[in-house]
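Next comes data.csv, with CSV, C-alpha atoms.
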chain,number,residue,atom,x,y,z
A,1,MET,CA,25.0,162.2,29.1
A,2,LYS,CA,27.3,164.6,30.8
A,3,LEU,CA,26.1,168.1,31.8
A,4,LEU,CA,28.0,171.3,32.3
A,5,PHE,CA,26.3,173.8,34.7
A,6,ALA,CA,27.7,177.3,34.5
A,7,HIS,CA,27.1,180.1,36.9
A,8,ASP,CA,28.9,182.9,38.8
A,9,VAL,CA,28.0,181.5,42.2
A,10,ILE,CA,30.9,181.2,44.7
A,11,ILE,CA,31.2,177.7,46.0
A,12,ARG,CA,33.5,177.2,49.0
A,13,LYS,CA,36.4,174.7,48.7
A,14,ASN,CA,37.6,173.1,51.9
A,15,ILE,CA,41.4,173.3,51.7
A,16,ASP,CA,41.7,170.5,54.2
A,17,THR,CA,39.5,167.9,52.4
A,18,ASN,CA,39.0,169.3,48.9
A,19,LEU,CA,35.2,169.1,49.4
A,20,TYR,CA,32.9,171.9,48.2
A,21,TYR,CA,30.2,173.6,50.2
A,22,SER,CA,27.3,176.0,49.5
A,23,PRO,CA,24.1,176.9,51.4
A,24,PHE,CA,22.3,177.4,48.1
A,25,PHE,CA,23.9,174.8,45.9
A,26,LYS,CA,23.9,171.7,48.1
A,27,TYR,CA,24.2,168.2,46.7
A,28,SER,CA,20.4,167.8,47.0
A,29,LEU,CA,20.1,170.4,44.2
A,30,TRP,CA,22.5,168.6,41.9
A,31,LYS,CA,20.4,165.4,42.4
A,32,ARG,CA,17.7,167.2,40.4
A,33,TYR,CA,20.0,167.2,37.4
A,34,LEU,CA,21.5,163.8,38.1
A,35,GLU,CA,18.0,162.3,37.5
A,36,TYR,CA,18.6,163.0,33.8
A,37,TYR,CA,22.4,163.2,33.4
A,38,SER,CA,25.1,160.7,34.4
A,39,GLU,CA,27.5,163.4,35.5
A,40,ILE,CA,27.4,167.1,36.2
A,41,THR,CA,30.4,169.5,36.0
A,42,VAL,CA,29.8,172.7,38.0
A,43,ALA,CA,31.7,175.6,36.5
A,44,SER,CA,31.7,178.4,39.0
A,45,ARG,CA,33.9,180.7,41.1
A,46,ASN,CA,35.3,179.3,44.3
A,47,GLU,CA,36.6,180.5,47.7
A,48,ILE,CA,39.1,178.6,49.8
A,49,VAL,CA,38.1,178.0,53.4
A,50,LYS,CA,39.3,175.8,56.2
A,51,ASP,CA,37.6,172.8,57.7
A,52,ILE,CA,36.3,174.7,60.7
A,53,GLU,CA,34.4,177.0,58.5
A,54,CYS,CA,32.4,174.2,56.7
A,55,ASP,CA,29.0,173.0,57.7
A,56,GLU,CA,28.2,169.5,56.6
A,57,GLN,CA,24.6,170.4,55.9
A,58,ASN,CA,25.9,172.7,53.1
A,59,LEU,CA,27.9,170.0,51.4
A,60,SER,CA,27.8,170.5,47.6
A,61,SER,CA,30.2,167.6,46.8
A,62,GLY,CA,28.8,164.2,46.0
A,63,PRO,CA,28.8,161.2,43.6
A,64,SER,CA,28.9,162.2,39.9
A,65,VAL,CA,29.5,165.9,40.7
A,66,ILE,CA,32.8,167.5,39.4
A,67,PHE,CA,33.8,171.1,40.2
A,68,CYS,CA,35.6,173.2,37.6
A,69,GLU,CA,37.0,176.3,39.3
A,70,ILE,CA,36.7,179.3,37.1
A,71,PRO,CA,38.4,182.6,38.0
A,72,SER,CA,36.1,185.6,38.4
A,73,ILE,CA,35.3,187.6,35.2
A,74,SER,CA,32.9,189.9,37.0
A,75,GLY,CA,34.0,193.5,36.9
A,76,PRO,CA,36.3,195.3,34.4
A,77,VAL,CA,39.6,194.3,36.1
A,78,ASN,CA,38.7,190.6,36.4
A,79,MET,CA,37.2,190.6,33.0
A,80,VAL,CA,40.6,191.6,31.5
A,81,LYS,CA,42.9,189.8,33.9
A,82,ASN,CA,41.1,186.5,34.1
A,83,ARG,CA,39.3,186.0,30.8
A,84,THR,CA,42.0,184.0,29.1
A,85,GLU,CA,42.3,181.5,31.9
A,86,ALA,CA,38.5,181.3,32.4
A,87,THR,CA,38.1,180.7,28.6
A,88,SER,CA,40.7,177.9,28.6
A,89,LYS,CA,39.2,176.1,31.6
A,90,LEU,CA,35.6,176.5,30.4
A,91,GLU,CA,36.4,175.3,26.9
A,92,LEU,CA,38.1,172.2,28.1
A,93,ALA,CA,35.1,171.4,30.4
A,94,ILE,CA,32.7,172.0,27.6
A,95,LYS,CA,34.5,169.7,25.2
A,96,ASN,CA,34.2,167.0,27.8
A,97,SER,CA,30.4,167.6,28.2
A,98,ASP,CA,27.4,166.7,26.1
A,99,ILE,CA,25.0,169.5,27.1
A,100,ILE,CA,25.6,173.0,28.7
A,101,ILE,CA,23.1,174.7,31.0
A,102,SER,CA,23.9,178.3,31.9
A,103,ARG,CA,22.2,180.0,34.8
A,104,LEU,CA,21.7,183.7,34.0
A,105,PRO,CA,22.5,186.4,34.7
A,106,SER,CA,26.2,185.5,35.1
A,107,GLU,CA,29.4,186.3,33.3
A,108,ILE,CA,30.6,182.7,33.4
A,109,GLY,CA,27.2,181.6,32.1
A,110,MET,CA,27.4,183.8,29.1
A,111,LEU,CA,31.0,182.8,28.3
A,112,ALA,CA,30.0,179.2,28.5
A,113,ILE,CA,27.2,179.8,26.0
A,114,SER,CA,29.6,181.4,23.6
A,115,LEU,CA,32.0,178.5,23.9
A,116,ALA,CA,29.1,176.0,23.5
A,117,ILE,CA,28.1,177.6,20.3
A,118,LYS,CA,31.7,177.6,19.1
A,119,ASN,CA,32.1,173.9,19.9
A,120,LYS,CA,28.6,173.1,18.5
A,121,LYS,CA,27.3,171.7,21.8
A,122,PRO,CA,23.6,171.9,22.7
A,123,TRP,CA,22.8,174.5,25.4
A,124,ALA,CA,20.0,175.9,27.4
A,125,VAL,CA,19.5,178.7,30.0
A,126,GLU,CA,17.9,179.0,33.4
A,127,VAL,CA,16.8,182.6,34.0
A,128,VAL,CA,16.8,183.5,37.7
A,129,GLY,CA,17.1,187.3,38.0
A,130,HIS,CA,16.9,190.8,36.6
A,131,VAL,CA,20.4,191.8,35.8
A,132,TRP,CA,19.7,195.6,35.5
A,133,ASP,CA,18.1,195.9,38.9
A,134,SER,CA,20.7,193.6,40.5
A,135,LEU,CA,23.7,195.7,39.3
A,136,TRP,CA,22.0,199.1,39.7
A,137,ASN,CA,21.2,198.4,43.3
A,138,TYR,CA,24.4,196.5,44.1
A,139,GLY,CA,25.8,199.5,45.9
A,140,SER,CA,28.7,200.5,43.7
A,141,TRP,CA,29.1,203.0,40.8
A,142,GLN,CA,30.7,200.3,38.7
A,143,GLY,CA,27.5,198.3,38.9
A,144,LYS,CA,25.5,201.2,37.7
A,145,ILE,CA,27.8,201.8,34.7
A,146,TYR,CA,27.8,198.1,33.7
A,147,ALA,CA,24.0,197.6,34.3
A,148,PRO,CA,22.9,198.6,30.7
A,149,ILE,CA,25.8,196.7,29.1
A,150,ALA,CA,25.1,193.5,31.1
A,151,THR,CA,21.3,193.8,30.3
A,152,ILE,CA,21.9,194.0,26.6
A,153,ARG,CA,24.3,191.0,26.7
A,154,THR,CA,22.0,188.9,28.8
A,155,LYS,CA,19.0,189.6,26.6
A,156,PHE,CA,21.1,188.7,23.5
A,157,PHE,CA,21.9,185.2,24.8
A,158,ILE,CA,18.4,184.5,26.3
A,159,LYS,CA,16.7,185.5,23.1
A,160,ARG,CA,18.7,183.0,21.1
A,161,ALA,CA,18.5,180.1,23.6
A,162,PRO,CA,16.9,176.9,22.2
A,163,TYR,CA,15.4,176.3,25.7
A,164,ALA,CA,14.8,178.7,28.6
A,165,LEU,CA,13.6,177.8,32.1
A,166,TYR,CA,12.4,180.9,34.0
A,167,VAL,CA,11.8,181.0,37.8
A,168,THR,CA,8.9,183.4,37.3
A,169,LYS,CA,5.6,182.9,35.5
A,170,GLU,CA,5.6,186.2,33.6
A,171,PHE,CA,8.0,188.9,34.9
A,172,LEU,CA,11.4,187.6,33.6
A,173,GLN,CA,9.8,186.3,30.5
A,174,GLN,CA,8.6,189.9,29.6
A,175,LYS,CA,12.0,191.4,30.5
A,176,TYR,CA,14.1,188.7,28.8
A,177,PRO,CA,12.1,187.1,26.0
A,178,CYS,CA,13.3,183.9,24.3
A,179,HIS,CA,12.6,182.8,20.8
A,180,GLY,CA,13.1,179.1,21.7
A,181,LYS,CA,10.9,176.8,23.9
A,182,THR,CA,10.2,178.2,27.3
A,183,PHE,CA,9.2,176.8,30.7
A,184,ASP,CA,8.4,178.3,34.1
A,185,CYS,CA,9.6,176.6,37.2
A,186,SER,CA,10.7,178.2,40.5
A,187,ASP,CA,13.9,176.8,42.0
A,188,VAL,CA,12.4,176.7,45.5
A,189,MET,CA,12.6,173.5,47.5
A,190,ILE,CA,9.3,172.9,49.5
A,191,ASN,CA,8.1,169.4,50.2
A,192,ASP,CA,4.9,170.4,51.9
A,193,VAL,CA,3.1,173.4,53.4
A,194,SER,CA,2.0,174.1,56.9
A,195,ASP,CA,-1.3,173.0,58.2
A,196,TYR,CA,-4.0,175.7,58.6
A,197,ASP,CA,-4.5,175.2,62.3
A,198,LYS,CA,-0.9,175.8,63.1
A,199,ALA,CA,-0.9,178.9,60.9
A,200,MET,CA,-4.1,180.3,62.6
A,201,LYS,CA,-2.5,179.9,66.1
A,202,ARG,CA,0.3,182.2,64.9
A,203,CYS,CA,-2.2,184.9,64.1
A,204,LYS,CA,-3.3,185.6,67.7
A,205,ASN,CA,-2.7,189.1,69.2
A,206,LYS,CA,0.5,189.3,71.2
A,207,ARG,CA,2.2,191.8,73.4
A,208,LYS,CA,5.4,191.5,71.3
A,209,TYR,CA,5.7,190.4,67.7
A,210,THR,CA,8.6,188.6,66.0
A,211,ILE,CA,9.3,189.9,62.5
A,212,GLY,CA,11.8,188.3,60.2
A,213,LEU,CA,13.7,188.8,56.9
A,214,ILE,CA,16.0,186.5,55.0
A,215,GLY,CA,18.6,188.0,52.7
A,216,SER,CA,22.3,188.3,52.0
A,217,MET,CA,24.1,191.4,53.3
A,218,ALA,CA,26.8,191.0,50.7
A,219,ALA,CA,25.0,193.5,48.5
A,220,ASN,CA,22.6,196.3,49.2
A,221,TYR,CA,19.4,195.1,47.5
A,222,LYS,CA,17.5,193.1,50.0
A,223,GLY,CA,15.9,196.2,51.5
A,224,ILE,CA,17.2,195.6,55.1
A,225,ASP,CA,17.8,199.3,55.4
A,226,THR,CA,14.2,200.0,54.4
A,227,ALA,CA,12.9,197.5,57.0
A,228,ILE,CA,15.0,199.1,59.8
A,229,VAL,CA,13.7,202.6,59.0
A,230,ALA,CA,10.1,201.3,58.8
A,231,LEU,CA,10.4,199.4,62.1
A,232,ASN,CA,11.7,202.6,63.8
A,233,LYS,CA,8.5,204.2,62.8
A,234,ILE,CA,6.5,201.2,64.1
A,235,ARG,CA,8.2,201.5,67.5
A,236,GLU,CA,7.3,205.2,67.7
A,237,ARG,CA,3.6,204.1,67.4
A,238,GLY,CA,4.0,201.9,70.4
A,239,LEU,CA,4.2,198.4,68.8
A,240,GLU,CA,6.7,196.1,70.4
A,241,PHE,CA,8.7,193.8,68.2
A,242,GLU,CA,11.9,191.8,67.7
A,243,PHE,CA,13.3,192.0,64.2
A,244,ARG,CA,15.4,188.9,63.1
A,245,ILE,CA,17.7,188.9,60.1
A,246,LEU,CA,18.9,185.6,58.6
A,247,GLY,CA,21.8,185.8,56.1
A,248,GLU,CA,25.5,186.2,55.6
A,249,GLY,CA,27.5,189.3,54.6
A,250,ASN,CA,28.7,192.6,56.1
A,251,LYS,CA,26.5,193.6,59.0
A,252,GLU,CA,28.3,196.9,59.8
A,253,PRO,CA,26.3,199.3,57.6
A,254,TYR,CA,23.1,197.9,59.2
A,255,LYS,CA,24.5,198.0,62.7
A,256,LYS,CA,25.2,201.7,62.2
A,257,LEU,CA,21.6,202.3,61.1
A,258,ILE,CA,20.3,200.3,64.0
A,259,LYS,CA,22.4,202.4,66.4
A,260,LYS,CA,21.2,205.6,64.8
A,261,TYR,CA,17.6,204.7,65.7
A,262,ASN,CA,18.5,203.1,69.0
A,263,LEU,CA,17.2,199.7,67.9
A,264,GLU,CA,20.0,197.6,69.4
A,265,ASP,CA,17.5,195.9,71.7
A,266,ASN,CA,15.1,195.2,68.9
A,267,VAL,CA,17.2,193.7,66.2
A,268,VAL,CA,18.9,190.2,66.1
A,269,PHE,CA,21.3,188.9,63.5
A,270,SER,CA,20.5,185.2,63.3
A,271,GLY,CA,23.6,184.2,61.3
A,272,VAL,CA,23.4,181.7,58.4
A,273,PHE,CA,21.4,178.4,58.2
A,274,PRO,CA,21.5,175.9,55.4
A,275,SER,CA,18.3,175.8,53.4
A,276,GLY,CA,15.9,173.2,54.6
A,277,GLU,CA,14.5,172.2,58.0
A,278,LEU,CA,16.6,174.7,60.0
A,279,VAL,CA,15.3,177.6,58.0
A,280,LEU,CA,11.7,176.4,58.2
A,281,ASN,CA,12.1,176.1,62.0
A,282,TRP,CA,13.4,179.7,62.1
A,283,LEU,CA,10.4,180.9,60.0
A,284,ASP,CA,7.9,179.1,62.3
A,285,GLU,CA,8.9,181.5,65.1
A,286,LEU,CA,7.8,184.5,63.1
A,287,ASP,CA,4.6,186.5,63.2
A,288,LEU,CA,5.4,188.5,60.1
A,289,TYR,CA,7.8,188.1,57.2
A,290,LEU,CA,9.3,191.1,55.3
A,291,GLN,CA,10.9,191.1,51.8
A,292,PRO,CA,11.3,194.8,50.9
A,293,SER,CA,13.9,194.0,48.2
A,294,LYS,CA,15.1,196.5,45.6
A,295,THR,CA,15.4,193.7,43.0
A,296,GLU,CA,14.3,190.0,42.8
A,297,GLY,CA,13.7,187.2,40.5
A,298,LEU,CA,11.3,185.1,42.5
A,299,PRO,CA,12.5,185.0,46.1
A,300,ARG,CA,12.7,181.5,47.5
A,301,ALA,CA,12.7,182.8,51.1
A,302,LEU,CA,9.3,184.5,50.5
A,303,ILE,CA,7.7,181.4,49.1
A,304,GLU,CA,9.1,179.4,52.1
A,305,ALA,CA,7.6,181.9,54.5
A,306,MET,CA,4.3,181.7,52.7
A,307,SER,CA,4.4,177.9,52.9
A,308,ARG,CA,4.4,178.2,56.7
A,309,GLY,CA,1.3,180.4,56.6
A,310,ILE,CA,3.2,183.5,57.7
A,311,PRO,CA,1.7,186.9,56.8
A,312,SER,CA,4.1,188.6,54.4
A,313,ILE,CA,4.8,192.1,53.1
A,314,ALA,CA,7.2,192.7,50.2
A,315,SER,CA,8.2,195.1,47.5
A,316,ASN,CA,6.6,195.0,44.1
A,317,VAL,CA,9.7,194.0,42.2
A,318,GLY,CA,10.5,191.0,40.0
A,319,GLY,CA,8.1,188.1,40.3
A,320,ILE,CA,6.9,189.1,43.8
A,321,PRO,CA,3.5,190.4,42.5
A,322,GLU,CA,2.9,186.9,41.2
A,323,LEU,CA,2.9,185.8,44.9
A,324,LEU,CA,1.3,188.5,46.9
A,325,SER,CA,-1.8,190.7,46.7
A,326,LYS,CA,-1.1,194.3,45.8
A,327,ASP,CA,-2.5,195.2,49.3
A,328,TYR,CA,0.7,193.8,50.8
A,329,LEU,CA,3.2,195.3,48.3
A,330,ILE,CA,5.2,198.4,48.5
A,331,ASN,CA,7.5,200.3,46.2
A,332,PRO,CA,11.2,199.6,46.9
A,333,ASN,CA,12.8,202.0,49.4
A,334,ASP,CA,9.3,203.2,50.7
A,335,ALA,CA,9.8,202.8,54.4
A,336,ILE,CA,6.7,204.9,55.2
A,337,SER,CA,4.4,202.6,53.3
A,338,LEU,CA,6.1,199.6,54.7
A,339,SER,CA,5.6,200.8,58.3
A,340,ASN,CA,1.9,201.6,57.7
A,341,LYS,CA,1.3,198.1,56.3
A,342,ILE,CA,3.2,196.4,59.1
A,343,PHE,CA,1.1,198.3,61.7
A,344,ASP,CA,-2.2,197.6,59.9
A,345,VAL,CA,-1.4,193.8,59.6
A,346,LEU,CA,-0.2,193.4,63.2
A,347,SER,CA,-3.1,195.4,64.5
A,348,ASN,CA,-5.8,193.1,62.9
A,349,VAL,CA,-6.1,189.4,63.6
A,350,GLU,CA,-8.6,188.9,60.8
A,351,ILE,CA,-6.2,190.3,58.2
A,352,ARG,CA,-3.4,188.0,59.4
A,353,GLU,CA,-5.7,185.0,59.3
A,354,SER,CA,-6.7,185.8,55.8
A,355,MET,CA,-3.1,186.4,54.7
A,356,ALA,CA,-2.0,183.1,56.3
A,357,THR,CA,-4.7,181.2,54.4
A,358,THR,CA,-4.0,182.8,51.1
A,359,ASN,CA,-0.2,182.4,51.4
A,360,ILE,CA,-0.5,178.6,52.1
A,361,GLN,CA,-2.8,178.3,49.0
A,362,VAL,CA,-0.3,180.1,46.8
A,363,ALA,CA,2.7,178.2,48.2
A,364,GLU,CA,1.0,174.9,47.4
A,365,GLN,CA,1.7,175.7,43.7
A,366,TYR,CA,5.4,175.6,44.5
A,367,THR,CA,5.7,172.3,46.2
A,368,ALA,CA,8.3,169.7,44.9
A,369,LYS,CA,5.6,167.5,43.5
A,370,ILE,CA,4.2,170.2,41.2
A,371,LEU,CA,7.5,171.8,40.2
A,372,GLY,CA,9.1,168.4,39.6
A,373,VAL,CA,6.7,167.8,36.7
A,374,LYS,CA,7.6,171.2,35.1
A,375,ARG,CA,11.3,170.6,35.7
A,376,LYS,CA,11.1,167.1,34.1
A,377,SER,CA,9.5,168.7,31.0
A,378,PHE,CA,12.4,171.1,30.7
A,379,PHE,CA,15.2,168.5,31.1
A,380,GLU,CA,13.6,166.0,28.8
A,381,SER,CA,13.2,168.6,26.1
A,382,VAL,CA,16.9,169.6,26.3
A,383,LEU,CA,17.9,165.9,26.2
A,384,LEU,CA,15.9,165.3,23.1
A,385,LYS,CA,17.7,168.1,21.2
Could you rewrite the structure in this file as structure tokens?
Amino acid sequence: MKLLFAHDVIIRKNIDTNLYYSPFFKYSLWKRYLEYYSEITVASRNEIVKDIECDEQNLSSGPSVIFCEIPSISGPVNMVKNRTEATSKLELAIKNSDIIISRLPSEIGMLAISLAIKNKKPWAVEVVGHVWDSLWNYGSWQGKIYAPIATIRTKFFIKRAPYALYVTKEFLQQKYPCHGKTFDCSDVMINDVSDYDKAMKRCKNKRKYTIGLIGSMAANYKGIDTAIVALNKIRERGLEFEFRILGEGNKEPYKKLIKKYNLEDNVVFSGVFPSGELVLNWLDELDLYLQPSKTEGLPRALIEAMSRGIPSIASNVGGIPELLSKDYLINPNDAISLSNKIFDVLSNVEIRESMATTNIQVAEQYTAKILGVKRKSFFESVLLK
């Protein structure tokens, strides 16, 4: 059985080798699908890069994986200019596939569903995010205008899906209900959690604390600005820290904010690591993890931090309340509440020890062994259609 996977993700193509790379869609991810399908065609956007820009740990290419390069149909201009070409390429790929799985929200994903229905091919969806919040907080007026339209369209397709896999247990199911058969399964990749002794050692009082956040700076919805403002207030209260940011994208707006608060000596941009051991090693150096996002589905980075027993504070958006106690949640953009919670947590060893223990217990529910059973149920149901 041949699978077509459709999503708006940008996968980088090495112009020197014709191999594809992505820190979030590595070959190890495609292996999940290849346990059930003989071949997978990945229909997505692409970006041309040179050999020197490619990290082998982010390799997306591999046996039985084919890439179908679809021009962007995101935004009003691209939607008009590229839709004919995108439709032609997707329809050909769909005709050569047996089953279509669209990851939503995404324009390519919704177009793939329409073409699957037209060509009478079985299809299913993976629901990974809240399109309204994502577009509204993207940072452009076009996003705000399109947010209600995209929400209506996304709800339309998810409601009619024969099968839907959600990354949350309740949140996205309530926002985007499906009349078909539904499954809940995060797309996080955790093989095991940290041992408790190691987590407890991290909770000791220190002269200077290391605080971290993982998030793309390509859009304005990871709450990095909220964290910077909150940490300025923390410094004013005499708490010493280093704030590390892991992720790709445009740093300049944040550098201006950092300069405004004279935090240049307190903030470090760690660059980009491929998911896996390097990220976990980076996390293990933290005393506190922050995820003050303006929108989320179910953030993998937060679950990974929790799996290391790291005390964590986050916003109450998306599926995050399924992970953390309300005592450690803030409203998005609330820098004052975030600063107060950071100060309270870092000022109390017992609170940090309790958070570390609870976080490990919650993260145990998201290990590969447990999620593998859920994912298997989804794939086998789709195959039996």
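Within 9 Å of A:Ser102, once all atoms listed in the file are used and residues closer than 2 positions along the same chain are dropped, the contacting residues are Leu4, Phe5, Ala6, His7, Ile100, Leu104, Pro105, Ser106, Ile108, Gly109, Met110, Ala112, Ile113, Trp123, Ala124, Val125, Glu126 and Val127 of chain A.
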Tell me which protein, DNA and RNA residues are within 6 Å of stretch 277-293 of chain A, counting only C-alpha atoms, leaving out same-chain ones fewer than 3 positions away, and put them as a PDB file with C-alpha atoms, in the coordinates of the input.
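Result saved to result16.pdb:
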ATOM      1  CA  THR A 210       8.600 188.600  66.000  1.00  0.00           C
ATOM      2  CA  ILE A 211       9.300 189.900  62.500  1.00  0.00           C
ATOM      3  CA  GLY A 212      11.800 188.300  60.200  1.00  0.00           C
ATOM      4  CA  LEU A 213      13.700 188.800  56.900  1.00  0.00           C
ATOM      5  CA  TYR A 221      19.400 195.100  47.500  1.00  0.00           C
ATOM      6  CA  LYS A 222      17.500 193.100  50.000  1.00  0.00           C
ATOM      7  CA  GLY A 223      15.900 196.200  51.500  1.00  0.00           C
ATOM      8  CA  ILE A 310       3.200 183.500  57.700  1.00  0.00           C
ATOM      9  CA  PRO A 311       1.700 186.900  56.800  1.00  0.00           C
ATOM     10  CA  SER A 312       4.100 188.600  54.400  1.00  0.00           C
ATOM     11  CA  ILE A 313       4.800 192.100  53.100  1.00  0.00           C
ATOM     12  CA  ALA A 314       7.200 192.700  50.200  1.00  0.00           C
ATOM     13  CA  SER A 315       8.200 195.100  47.500  1.00  0.00           C
TER      14      SER A 315
END
Using all atoms listed in the file, what residues lie at most 12 Å away from (13.7, 161.6, 35.2) (file coordinates), given as a ChimeraX atom specification? /A:31-38,372-381,383
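Here atom CA of A:Ser74 stands at a distance of 18.4 Å from atom CA of A:Ser216.
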Which stretch 249-363 of chain A residues have any atom within 7 Å of an atom of stretch 195-205 of chain A, and for each, what is the nearest pair of atoms with distance in Å to one decimal, counting all atoms listed in the file, rows sorted by chain and number, as a tab-separated table?
residue	atom	partner	partner_atom	distance
A:Asp287	CA	A:Arg202	CA	6.3
A:Arg308	CA	A:Ala199	CA	6.8
A:Gly309	CA	A:Ala199	CA	5.1
A:Ile310	CA	A:Ala199	CA	6.9
A:Val349	CA	A:Cys203	CA	6.0
A:Arg352	CA	A:Cys203	CA	5.8
A:Glu353	CA	A:Cys203	CA	5.9
A:Ala356	CA	A:Ala199	CA	6.3
A:Thr357	CA	A:Tyr196	CA	7.0
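Here the question is which of A:Val80, A:Ala86, A:Val49, A:Ile234 gets nearest to A:Leu338 using only C-alpha atoms, and that residue is A:Ile234.
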Selection: 7 Å around stretch 158-174 of chain A, all atoms listed in the file, excl. self and same-chain fewer than 5 positions, as a PyMOL selection string: chain A and resi 124-128+179-187+297-298+318-319+378+382
Within 10 Å of (21.9, 197.8, 42.8), all atoms listed in the file: residues as a PDB file with C-alpha atoms, in the frame of the given file?
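After the write, part.pdb holds the following:
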ATOM      1  CA  VAL A 131      20.400 191.800  35.800  1.00  0.00           C
ATOM      2  CA  TRP A 132      19.700 195.600  35.500  1.00  0.00           C
ATOM      3  CA  ASP A 133      18.100 195.900  38.900  1.00  0.00           C
ATOM      4  CA  SER A 134      20.700 193.600  40.500  1.00  0.00           C
ATOM      5  CA  LEU A 135      23.700 195.700  39.300  1.00  0.00           C
ATOM      6  CA  TRP A 136      22.000 199.100  39.700  1.00  0.00           C
ATOM      7  CA  ASN A 137      21.200 198.400  43.300  1.00  0.00           C
ATOM      8  CA  TYR A 138      24.400 196.500  44.100  1.00  0.00           C
ATOM      9  CA  GLY A 139      25.800 199.500  45.900  1.00  0.00           C
ATOM     10  CA  SER A 140      28.700 200.500  43.700  1.00  0.00           C
ATOM     11  CA  TRP A 141      29.100 203.000  40.800  1.00  0.00           C
ATOM     12  CA  GLY A 143      27.500 198.300  38.900  1.00  0.00           C
ATOM     13  CA  LYS A 144      25.500 201.200  37.700  1.00  0.00           C
ATOM     14  CA  ALA A 147      24.000 197.600  34.300  1.00  0.00           C
ATOM     15  CA  ALA A 219      25.000 193.500  48.500  1.00  0.00           C
ATOM     16  CA  ASN A 220      22.600 196.300  49.200  1.00  0.00           C
ATOM     17  CA  TYR A 221      19.400 195.100  47.500  1.00  0.00           C
ATOM     18  CA  LYS A 222      17.500 193.100  50.000  1.00  0.00           C
ATOM     19  CA  LYS A 294      15.100 196.500  45.600  1.00  0.00           C
ATOM     20  CA  THR A 295      15.400 193.700  43.000  1.00  0.00           C
TER      21      THR A 295
END
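Taking atom CA of A:Ile101 as the reference point, atom CA of A:Glu56 is found at 26.6 Å.
Compared by their closest atoms to A:Ala43, and using only C-alpha atoms, the residues A:Asp16, A:Asp327, A:Glu91, A:Asp55 rank with A:Glu91 nearest.
When all atoms listed in the file are used to compute distances to A:Gln57, the closest of the residues A:Arg207, A:Lys2, A:Lys26, A:Arg45 turns out to be A:Lys26.
You can rank A:Ser275, A:Phe243, A:Asp51, A:Val65 by their closest distance to A:Ile258 using only C-alpha atoms, and at the top of that list sits A:Phe243.
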Using only C-alpha atoms, which residues sit within 8 Å of A:Ile303 once same-chain residues fewer than 6 positions away are excluded, as a PyMOL selection string? chain A and resi 188+323+363+366
Keeping only C-alpha atoms, take the residues you just selected and write them out as a PDB file, in the frame of the given file.
ATOM      1  CA  VAL A 188      12.400 176.700  45.500  1.00  0.00           C
ATOM      2  CA  LEU A 323       2.900 185.800  44.900  1.00  0.00           C
ATOM      3  CA  ALA A 363       2.700 178.200  48.200  1.00  0.00           C
ATOM      4  CA  TYR A 366       5.400 175.600  44.500  1.00  0.00           C
TER       5      TYR A 366
END
Residue contacts of A:Ala93 (8 Å, all atoms listed in the file) excluding same-chain residues fewer than 3 positions away, as a ChimeraX atom specification: /A:4,41,68,89-90,96-97
Writer output for current selection, C-alpha atoms, as a CSV table (one decimal), in the frame of the given file:
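As a result, selection29.csv now contains:
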chain,number,residue,atom,x,y,z
A,4,LEU,CA,28.0,171.3,32.3
A,41,THR,CA,30.4,169.5,36.0
A,68,CYS,CA,35.6,173.2,37.6
A,89,LYS,CA,39.2,176.1,31.6
A,90,LEU,CA,35.6,176.5,30.4
A,96,ASN,CA,34.2,167.0,27.8
A,97,SER,CA,30.4,167.6,28.2
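Picture a line from atom CA of A:Ile190 to atom CA of A:Gly247; it runs 19.1 Å.
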Taking all atoms listed in the file into account, which of A:Ile214, A:Met1, A:Ile342, A:Met79 comes nearest A:Arg237? A:Ile342
Select, from A:Glu107, A:Glu69, A:Glu236, A:Glu296, the residue with the minimum atom-to-atom distance to A:Leu263, counting only C-alpha atoms. A:Glu236
